[in-house]
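Colleague: Next comes structure14.cif, mmCIF, C-alpha atoms:
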data_run
#
loop_
_atom_site.label_atom_id
_atom_site.label_comp_id
_atom_site.auth_asym_id
_atom_site.auth_seq_id
_atom_site.Cartn_x
_atom_site.Cartn_y
_atom_site.Cartn_z
CA ALA A 1 143.74 172.16 45.05
CA ARG A 2 145.24 170.01 47.82
CA ALA A 3 143.18 171.81 50.44
CA ARG A 4 139.99 171.06 48.51
CA GLN A 5 141.04 167.44 48.07
CA TRP A 6 141.82 167.12 51.80
CA ALA A 7 138.49 168.70 52.74
CA ALA A 8 136.65 166.25 50.50
CA THR A 9 138.47 163.14 51.77
CA LYS A 10 139.26 163.85 55.42
CA PRO A 11 137.31 161.66 57.82
CA SER A 12 134.64 163.29 59.91
CA ILE A 13 135.37 162.99 63.60
CA ARG A 14 132.71 162.93 66.27
CA TYR A 15 133.88 163.48 69.81
CA ALA A 16 131.87 162.33 72.84
CA ALA A 17 133.63 162.35 76.20
CA ILE A 18 132.22 160.36 79.10
CA ALA A 19 133.15 161.76 82.52
CA PRO A 20 132.46 159.14 85.18
CA THR A 21 132.64 159.72 88.88
CA ALA A 22 133.75 156.92 91.25
CA VAL A 23 132.83 153.68 89.46
CA LEU A 24 131.73 150.84 91.74
CA GLY A 25 130.42 147.32 91.24
CA LYS A 26 131.40 143.90 89.98
CA MET A 27 135.03 143.57 88.99
CA LEU A 28 136.05 141.33 86.08
CA GLN A 29 139.76 141.78 86.70
CA PRO A 30 141.61 139.87 89.44
CA ALA A 31 143.09 143.00 91.06
CA VAL A 32 141.01 145.54 92.93
CA ASN A 33 140.65 148.85 91.09
CA GLU A 34 141.09 152.25 92.75
CA SER A 35 137.42 153.07 93.31
CA MET A 36 136.66 149.70 94.89
CA ALA A 37 139.85 149.84 96.99
CA PHE A 38 138.74 153.27 98.23
CA LEU A 39 135.35 151.82 99.21
CA ALA A 40 137.01 148.87 100.98
CA GLU A 41 139.14 151.32 102.98
CA ILE A 42 135.98 153.09 104.14
CA LEU A 43 134.16 149.84 104.95
CA ASN A 44 137.18 148.66 106.96
CA ALA A 45 137.56 152.09 108.63
CA ASP A 46 141.08 152.41 107.25
CA ARG A 47 139.84 155.71 105.85
CA PHE A 48 137.78 158.24 107.82
CA ALA A 49 138.35 156.38 111.11
CA ASP A 50 138.43 159.77 112.88
CA GLY A 51 135.16 160.84 111.28
CA CYS A 52 133.37 161.67 108.08
CA PRO A 53 134.63 164.61 106.06
CA ASN A 54 132.32 167.55 105.59
CA ASP A 55 131.96 166.94 101.89
CA SER A 56 130.00 164.91 99.39
CA MET A 57 130.87 162.28 96.81
CA SER A 58 129.16 160.87 93.76
CA PHE A 59 129.16 157.37 92.33
CA VAL A 60 128.01 155.31 89.35
CA ASP A 61 127.60 151.58 88.80
CA VAL A 62 130.19 150.00 86.48
CA VAL A 63 127.50 148.41 84.28
CA ASP A 64 125.73 151.76 83.91
CA CYS A 65 129.05 153.43 83.11
CA ALA A 66 129.74 150.89 80.36
CA ALA A 67 126.20 151.29 79.00
CA ILE A 68 126.62 155.07 78.82
CA HIS A 69 129.88 154.65 76.90
CA VAL A 70 128.22 152.26 74.42
CA ALA A 71 125.16 154.51 74.04
CA ALA A 72 127.36 157.51 73.24
CA TYR A 73 129.35 155.46 70.74
CA GLU A 74 126.26 154.13 69.01
CA ASN A 75 124.34 157.43 68.89
CA PRO A 76 125.59 159.51 65.94
CA ASP A 77 124.10 162.62 67.54
CA ALA A 78 126.07 162.19 70.77
CA VAL A 79 128.75 164.88 70.87
CA GLY A 80 130.52 166.75 73.64
CA ARG A 81 130.92 165.95 77.31
CA TYR A 82 128.56 163.62 79.19
CA LEU A 83 128.45 163.13 82.91
CA CYS A 84 128.37 159.57 84.15
CA VAL A 85 126.91 159.80 87.65
CA CYS A 86 124.04 158.60 89.79
CA GLU A 87 123.91 161.22 92.53
CA SER A 88 125.99 162.90 95.18
CA GLN A 89 125.49 162.44 98.91
CA HIS A 90 127.15 163.84 102.02
CA TRP A 91 129.67 161.49 103.60
CA ASN A 92 127.49 161.22 106.72
CA ASP A 93 124.72 159.72 104.57
CA ILE A 94 127.10 157.52 102.60
CA VAL A 95 128.66 156.05 105.74
CA ALA A 96 125.21 155.46 107.30
CA LEU A 97 124.07 153.66 104.15
CA LEU A 98 127.23 151.54 104.06
CA LYS A 99 126.77 150.63 107.74
CA ASP A 100 123.19 149.58 106.96
CA LEU A 101 124.39 147.38 104.08
CA HIS A 102 127.38 145.99 106.01
CA PRO A 103 126.49 145.93 109.74
CA ASP A 104 129.97 144.60 110.62
CA MET A 105 131.50 147.84 109.37
CA PRO A 106 133.39 149.62 112.17
CA VAL A 107 131.78 152.80 113.43
CA ILE A 108 132.89 155.97 111.66
CA PRO A 109 131.76 159.08 113.54
CA PRO A 110 129.63 161.49 111.50
CA TYR A 111 130.69 165.03 110.80
CA VAL A 112 129.06 167.30 113.39
CA GLY A 113 128.60 171.00 112.85
CA ASP A 114 126.23 173.69 111.72
CA ASP A 115 128.08 174.04 108.42
CA ILE A 116 127.28 170.64 106.84
CA ALA A 117 128.14 170.79 103.15
CA SER A 118 125.37 170.31 100.62
CA PRO A 119 125.80 167.43 98.19
CA THR A 120 126.88 168.41 94.70
CA LYS A 121 123.96 168.88 92.32
CA PHE A 122 124.23 167.61 88.77
CA ASP A 123 122.24 168.43 85.67
CA ARG A 124 121.91 164.97 84.15
CA THR A 125 119.80 166.09 81.18
CA LYS A 126 122.54 165.36 78.66
CA GLN A 127 123.47 162.05 80.33
CA ASP A 128 119.80 161.01 80.41
CA SER A 129 119.45 161.86 76.69
CA LEU A 130 121.46 158.71 75.99
CA GLY A 131 118.56 156.62 77.33
CA ILE A 132 120.42 154.86 80.13
CA HIS A 133 118.66 154.78 83.48
CA VAL A 134 121.34 154.53 86.16
CA LYS A 135 120.88 152.44 89.27
CA PRO A 136 120.08 154.18 92.56
CA ILE A 137 122.85 154.74 95.08
CA ARG A 138 121.65 152.00 97.46
CA THR A 139 121.79 149.41 94.66
CA ILE A 140 125.24 150.61 93.59
CA PHE A 141 126.60 150.24 97.13
CA ALA A 142 124.85 146.90 97.74
CA THR A 143 126.47 145.43 94.62
CA ALA A 144 129.88 146.87 95.52
CA VAL A 145 129.74 145.68 99.15
CA ALA A 146 128.74 142.18 98.00
CA GLU A 147 131.63 142.14 95.51
CA LEU A 148 134.17 143.18 98.14
CA ALA A 149 132.77 140.64 100.62
CA SER A 150 132.91 137.85 98.01
CA ARG A 151 136.61 138.57 97.59
CA GLY A 152 137.26 138.52 101.33
CA LEU A 153 138.24 142.19 101.41
CA LEU A 154 136.00 143.30 104.32
CA ARG A 155 136.92 142.96 107.96
CA SER A 156 134.30 142.83 110.67
CA SER A 157 134.16 145.46 113.40
CA GLN A 158 135.11 142.77 115.91
CA SER A 159 138.30 141.82 114.03
CA SER A 160 139.40 145.45 113.61
CA SER A 161 139.07 146.22 117.34
CA THR A 162 141.17 143.28 118.51
#
Can you turn what I pasted into structure tokens?

Modeller:
Amino acid sequence: ARARQWAATKPSIRYAAIAPTAVLGKMLQPAVNESMAFLAEILNADRFADGCPNDSMSFVDVVDCAAIHVAAYENPDAVGRYLCVCESQHWNDIVALLKDLHPDMPVIPPYVGDDIASPTKFDRTKQDSLGIHVKPIRTIFATAVAELASRGLLRSSQSSST
């Protein structure tokens, strides 16, 4: 009898997990979070100063990440695991894009070799089913670079070589 009563009264639980990659963009908090600190280290050549790794990385904008969380919460059909990612690029391409967006960035040598790793491919079908169109990688980085610059967290290539 108790088992029937429990079955009739127990709350239904819907589980939707959002799995974001490196989240970049505007920061509301006063302290720099891990993803943005990682990006600042690259832009200041405190990381990868000896050269790009032969690997890829993926990113998502913080606003898009929040929107995906809200969409999954509000959609009663959203269940299971959802990626939260824009795209993956090789570090050579990422560093070149960052240098284009922040010309004062110190030079980080590209990875050279015949074995250049392919960027990770993602099936975003389930993520896209939530109806959120994520920003392109260039926009994500432009927003993040501007945020770090506005906080005075980027050195110029001239100041890092003196």

Colleague: What's around A:Val23 at 7 Å? Count all atoms listed in the file, leave out sequence neighbours fewer than 3 positions away in its own chain, and write the answer as a VMD selection string.

Modeller: chain A and resid 20 35 59 to 62

Colleague: Can you list, as a list in words, every protein, DNA or RNA residue that comes within 9 Å of A:Cys84 when you count only C-alpha atoms, leaving out same-chain residues fewer than 5 positions away?

Modeller: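 My reading of the contact set: Ile18, Ala19, Pro20, Thr21, Phe59, Val60, Asp64, Cys65, Ile68, His69, Arg124, Gln127 and Val134 of chain A.
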
Colleague: A:Phe141, A:Trp91, A:Tyr82, A:Tyr111: which is nearest A:Thr125, counting only C-alpha atoms?

Modeller: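 Between A:Phe141, A:Trp91, A:Tyr82, A:Tyr111, the residue approaching A:Thr125 most closely is A:Tyr82.
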
Colleague: Could you list the residues chosen by the PyMOL selection byres ((chain A and resi 38-40) around 12) in this structure as JSON, numbers by chain?

Modeller: {"A": [22, 23, 24, 25, 32, 33, 34, 35, 36, 37, 41, 42, 43, 44, 45, 46, 47, 48, 57, 59, 94, 95, 98, 102, 105, 106, 140, 141, 142, 143, 144, 145, 146, 147, 148, 149, 151, 152, 153, 154, 155, 156]}

Colleague: What's the 9 Å shell around A:Ser56, counting all atoms listed in the file, without same-chain residues fewer than 4 positions away, as a PyMOL selection string?

Modeller: chain A and resi 88-92+94+117-120

Colleague: Calculated over only C-alpha atoms, which of the candidates A:Arg14, A:Arg81, A:Ser150, A:Ser58 has the smallest distance to A:Pro136?

Modeller: A:Ser58

Colleague: So the first atom is atom CA of A:Lys99 and the second is atom CA of A:Ala49; what is the distance between them in Å, to one decimal place?

Modeller: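 Computing the Euclidean distance for atom CA of A:Lys99 and atom CA of A:Ala49 yields 13.4 Å.
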
Colleague: Name the closest residue to A:Cys86 among the candidates A:Val112, A:His133, A:Arg4, A:Ala72; distances are taken between atoms, counting all atoms listed in the file.

Modeller: A:His133

Colleague: What is the distance between atom CA of A:Leu28 and atom CA of A:Lys135, in Å to one decimal?

Modeller: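 Computing the Euclidean distance for atom CA of A:Leu28 and atom CA of A:Lys135 yields 19.1 Å.
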
Colleague: Export stretch 3-113 of chain A of the preceding structure, keeping C-alpha atoms, as a PDB file, in the first residue's frame.

Modeller:
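Written file, part.pdb:
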ATOM      1  CA  ALA A   3       4.563   1.675  -2.421  1.00  0.00           C
ATOM      2  CA  ARG A   4       1.388   2.570  -4.327  1.00  0.00           C
ATOM      3  CA  GLN A   5       0.959   5.713  -2.255  1.00  0.00           C
ATOM      4  CA  TRP A   6       4.595   6.729  -2.873  1.00  0.00           C
ATOM      5  CA  ALA A   7       4.249   6.077  -6.606  1.00  0.00           C
ATOM      6  CA  ALA A   8       1.144   8.253  -6.731  1.00  0.00           C
ATOM      7  CA  THR A   9       2.647  11.157  -4.758  1.00  0.00           C
ATOM      8  CA  LYS A  10       6.347  11.173  -5.616  1.00  0.00           C
ATOM      9  CA  PRO A  11       7.397  14.187  -7.658  1.00  0.00           C
ATOM     10  CA  SER A  12       8.365  13.630 -11.253  1.00  0.00           C
ATOM     11  CA  ILE A  13      11.942  14.612 -11.902  1.00  0.00           C
ATOM     12  CA  ARG A  14      13.216  15.795 -15.249  1.00  0.00           C
ATOM     13  CA  TYR A  15      16.962  15.860 -15.695  1.00  0.00           C
ATOM     14  CA  ALA A  16      18.687  18.041 -18.299  1.00  0.00           C
ATOM     15  CA  ALA A  17      22.449  18.456 -18.007  1.00  0.00           C
ATOM     16  CA  ILE A  18      24.202  21.287 -19.808  1.00  0.00           C
ATOM     17  CA  ALA A  19      27.848  20.560 -20.638  1.00  0.00           C
ATOM     18  CA  PRO A  20      29.603  23.804 -21.547  1.00  0.00           C
ATOM     19  CA  THR A  21      33.080  24.059 -22.927  1.00  0.00           C
ATOM     20  CA  ALA A  22      35.308  27.054 -22.077  1.00  0.00           C
ATOM     21  CA  VAL A  23      32.886  29.913 -21.344  1.00  0.00           C
ATOM     22  CA  LEU A  24      34.102  33.360 -22.417  1.00  0.00           C
ATOM     23  CA  GLY A  25      32.646  36.857 -22.437  1.00  0.00           C
ATOM     24  CA  LYS A  26      31.473  39.645 -20.169  1.00  0.00           C
ATOM     25  CA  MET A  27      32.065  39.026 -16.488  1.00  0.00           C
ATOM     26  CA  LEU A  28      29.590  40.300 -13.899  1.00  0.00           C
ATOM     27  CA  GLN A  29      31.756  39.300 -10.955  1.00  0.00           C
ATOM     28  CA  PRO A  30      34.754  41.389  -9.829  1.00  0.00           C
ATOM     29  CA  ALA A  31      37.232  38.491  -9.963  1.00  0.00           C
ATOM     30  CA  VAL A  32      38.369  36.897 -13.202  1.00  0.00           C
ATOM     31  CA  ASN A  33      37.004  33.385 -13.725  1.00  0.00           C
ATOM     32  CA  GLU A  34      39.123  30.436 -14.869  1.00  0.00           C
ATOM     33  CA  SER A  35      38.189  30.498 -18.557  1.00  0.00           C
ATOM     34  CA  MET A  36      38.851  34.221 -18.913  1.00  0.00           C
ATOM     35  CA  ALA A  37      42.099  33.951 -16.911  1.00  0.00           C
ATOM     36  CA  PHE A  38      43.192  31.179 -19.283  1.00  0.00           C
ATOM     37  CA  LEU A  39      42.458  33.434 -22.270  1.00  0.00           C
ATOM     38  CA  ALA A  40      44.359  36.338 -20.670  1.00  0.00           C
ATOM     39  CA  GLU A  41      47.373  34.049 -20.189  1.00  0.00           C
ATOM     40  CA  ILE A  42      47.316  33.238 -23.902  1.00  0.00           C
ATOM     41  CA  LEU A  43      46.858  36.878 -24.947  1.00  0.00           C
ATOM     42  CA  ASN A  44      49.774  37.872 -22.701  1.00  0.00           C
ATOM     43  CA  ALA A  45      51.883  34.912 -23.921  1.00  0.00           C
ATOM     44  CA  ASP A  46      52.163  33.608 -20.364  1.00  0.00           C
ATOM     45  CA  ARG A  47      50.823  30.378 -21.828  1.00  0.00           C
ATOM     46  CA  PHE A  48      52.049  28.817 -25.078  1.00  0.00           C
ATOM     47  CA  ALA A  49      55.004  31.236 -25.303  1.00  0.00           C
ATOM     48  CA  ASP A  50      57.070  28.396 -26.813  1.00  0.00           C
ATOM     49  CA  GLY A  51      54.401  27.642 -29.405  1.00  0.00           C
ATOM     50  CA  CYS A  52      50.885  26.455 -30.016  1.00  0.00           C
ATOM     51  CA  PRO A  53      49.983  22.950 -28.930  1.00  0.00           C
ATOM     52  CA  ASN A  54      48.973  20.477 -31.596  1.00  0.00           C
ATOM     53  CA  ASP A  55      45.421  20.284 -30.365  1.00  0.00           C
ATOM     54  CA  SER A  56      42.086  22.023 -30.614  1.00  0.00           C
ATOM     55  CA  MET A  57      39.792  23.775 -28.167  1.00  0.00           C
ATOM     56  CA  SER A  58      36.145  24.751 -28.159  1.00  0.00           C
ATOM     57  CA  PHE A  59      34.406  27.767 -26.680  1.00  0.00           C
ATOM     58  CA  VAL A  60      30.978  29.267 -26.024  1.00  0.00           C
ATOM     59  CA  ASP A  61      29.822  32.782 -25.167  1.00  0.00           C
ATOM     60  CA  VAL A  62      28.625  33.254 -21.579  1.00  0.00           C
ATOM     61  CA  VAL A  63      25.311  34.792 -22.713  1.00  0.00           C
ATOM     62  CA  ASP A  64      24.676  31.850 -25.045  1.00  0.00           C
ATOM     63  CA  CYS A  65      25.565  29.428 -22.251  1.00  0.00           C
ATOM     64  CA  ALA A  66      23.052  31.091 -19.925  1.00  0.00           C
ATOM     65  CA  ALA A  67      20.396  31.084 -22.661  1.00  0.00           C
ATOM     66  CA  ILE A  68      20.908  27.349 -23.244  1.00  0.00           C
ATOM     67  CA  HIS A  69      20.499  26.687 -19.511  1.00  0.00           C
ATOM     68  CA  VAL A  70      17.257  28.711 -19.413  1.00  0.00           C
ATOM     69  CA  ALA A  71      15.924  27.076 -22.590  1.00  0.00           C
ATOM     70  CA  ALA A  72      16.528  23.599 -21.152  1.00  0.00           C
ATOM     71  CA  TYR A  73      14.849  24.596 -17.893  1.00  0.00           C
ATOM     72  CA  GLU A  74      11.816  26.073 -19.625  1.00  0.00           C
ATOM     73  CA  ASN A  75      11.341  23.267 -22.170  1.00  0.00           C
ATOM     74  CA  PRO A  76       9.485  20.362 -20.513  1.00  0.00           C
ATOM     75  CA  ASP A  77      10.708  18.051 -23.284  1.00  0.00           C
ATOM     76  CA  ALA A  78      14.376  18.818 -22.624  1.00  0.00           C
ATOM     77  CA  VAL A  79      15.941  15.755 -21.011  1.00  0.00           C
ATOM     78  CA  GLY A  80      19.417  14.270 -20.985  1.00  0.00           C
ATOM     79  CA  ARG A  81      22.780  15.798 -21.792  1.00  0.00           C
ATOM     80  CA  TYR A  82      23.170  18.904 -23.960  1.00  0.00           C
ATOM     81  CA  LEU A  83      26.402  20.244 -25.322  1.00  0.00           C
ATOM     82  CA  CYS A  84      27.014  23.947 -24.901  1.00  0.00           C
ATOM     83  CA  VAL A  85      29.576  24.803 -27.570  1.00  0.00           C
ATOM     84  CA  CYS A  86      30.139  27.001 -30.600  1.00  0.00           C
ATOM     85  CA  GLU A  87      32.882  25.153 -32.445  1.00  0.00           C
ATOM     86  CA  SER A  88      36.359  23.755 -32.053  1.00  0.00           C
ATOM     87  CA  GLN A  89      39.439  25.145 -33.767  1.00  0.00           C
ATOM     88  CA  HIS A  90      43.110  24.198 -33.841  1.00  0.00           C
ATOM     89  CA  TRP A  91      45.283  26.321 -31.568  1.00  0.00           C
ATOM     90  CA  ASN A  92      47.137  27.712 -34.599  1.00  0.00           C
ATOM     91  CA  ASP A  93      43.848  29.184 -35.842  1.00  0.00           C
ATOM     92  CA  ILE A  94      42.791  30.369 -32.395  1.00  0.00           C
ATOM     93  CA  VAL A  95      46.067  32.198 -31.797  1.00  0.00           C
ATOM     94  CA  ALA A  96      45.947  33.777 -35.277  1.00  0.00           C
ATOM     95  CA  LEU A  97      42.402  34.999 -34.620  1.00  0.00           C
ATOM     96  CA  LEU A  98      43.372  36.385 -31.214  1.00  0.00           C
ATOM     97  CA  LYS A  99      46.366  38.191 -32.758  1.00  0.00           C
ATOM     98  CA  ASP A 100      44.022  39.706 -35.356  1.00  0.00           C
ATOM     99  CA  LEU A 101      41.651  40.912 -32.621  1.00  0.00           C
ATOM    100  CA  HIS A 102      44.461  42.099 -30.320  1.00  0.00           C
ATOM    101  CA  PRO A 103      47.430  43.182 -32.492  1.00  0.00           C
ATOM    102  CA  ASP A 104      49.507  43.988 -29.375  1.00  0.00           C
ATOM    103  CA  MET A 105      49.451  40.312 -28.422  1.00  0.00           C
ATOM    104  CA  PRO A 106      52.985  38.891 -28.277  1.00  0.00           C
ATOM    105  CA  VAL A 107      53.857  36.454 -31.040  1.00  0.00           C
ATOM    106  CA  ILE A 108      53.148  32.810 -30.245  1.00  0.00           C
ATOM    107  CA  PRO A 109      54.774  30.494 -32.788  1.00  0.00           C
ATOM    108  CA  PRO A 110      52.360  28.142 -34.565  1.00  0.00           C
ATOM    109  CA  TYR A 111      52.640  24.398 -34.317  1.00  0.00           C
ATOM    110  CA  VAL A 112      54.578  23.136 -37.344  1.00  0.00           C
ATOM    111  CA  GLY A 113      54.386  19.572 -38.553  1.00  0.00           C
TER     112      GLY A 113
END
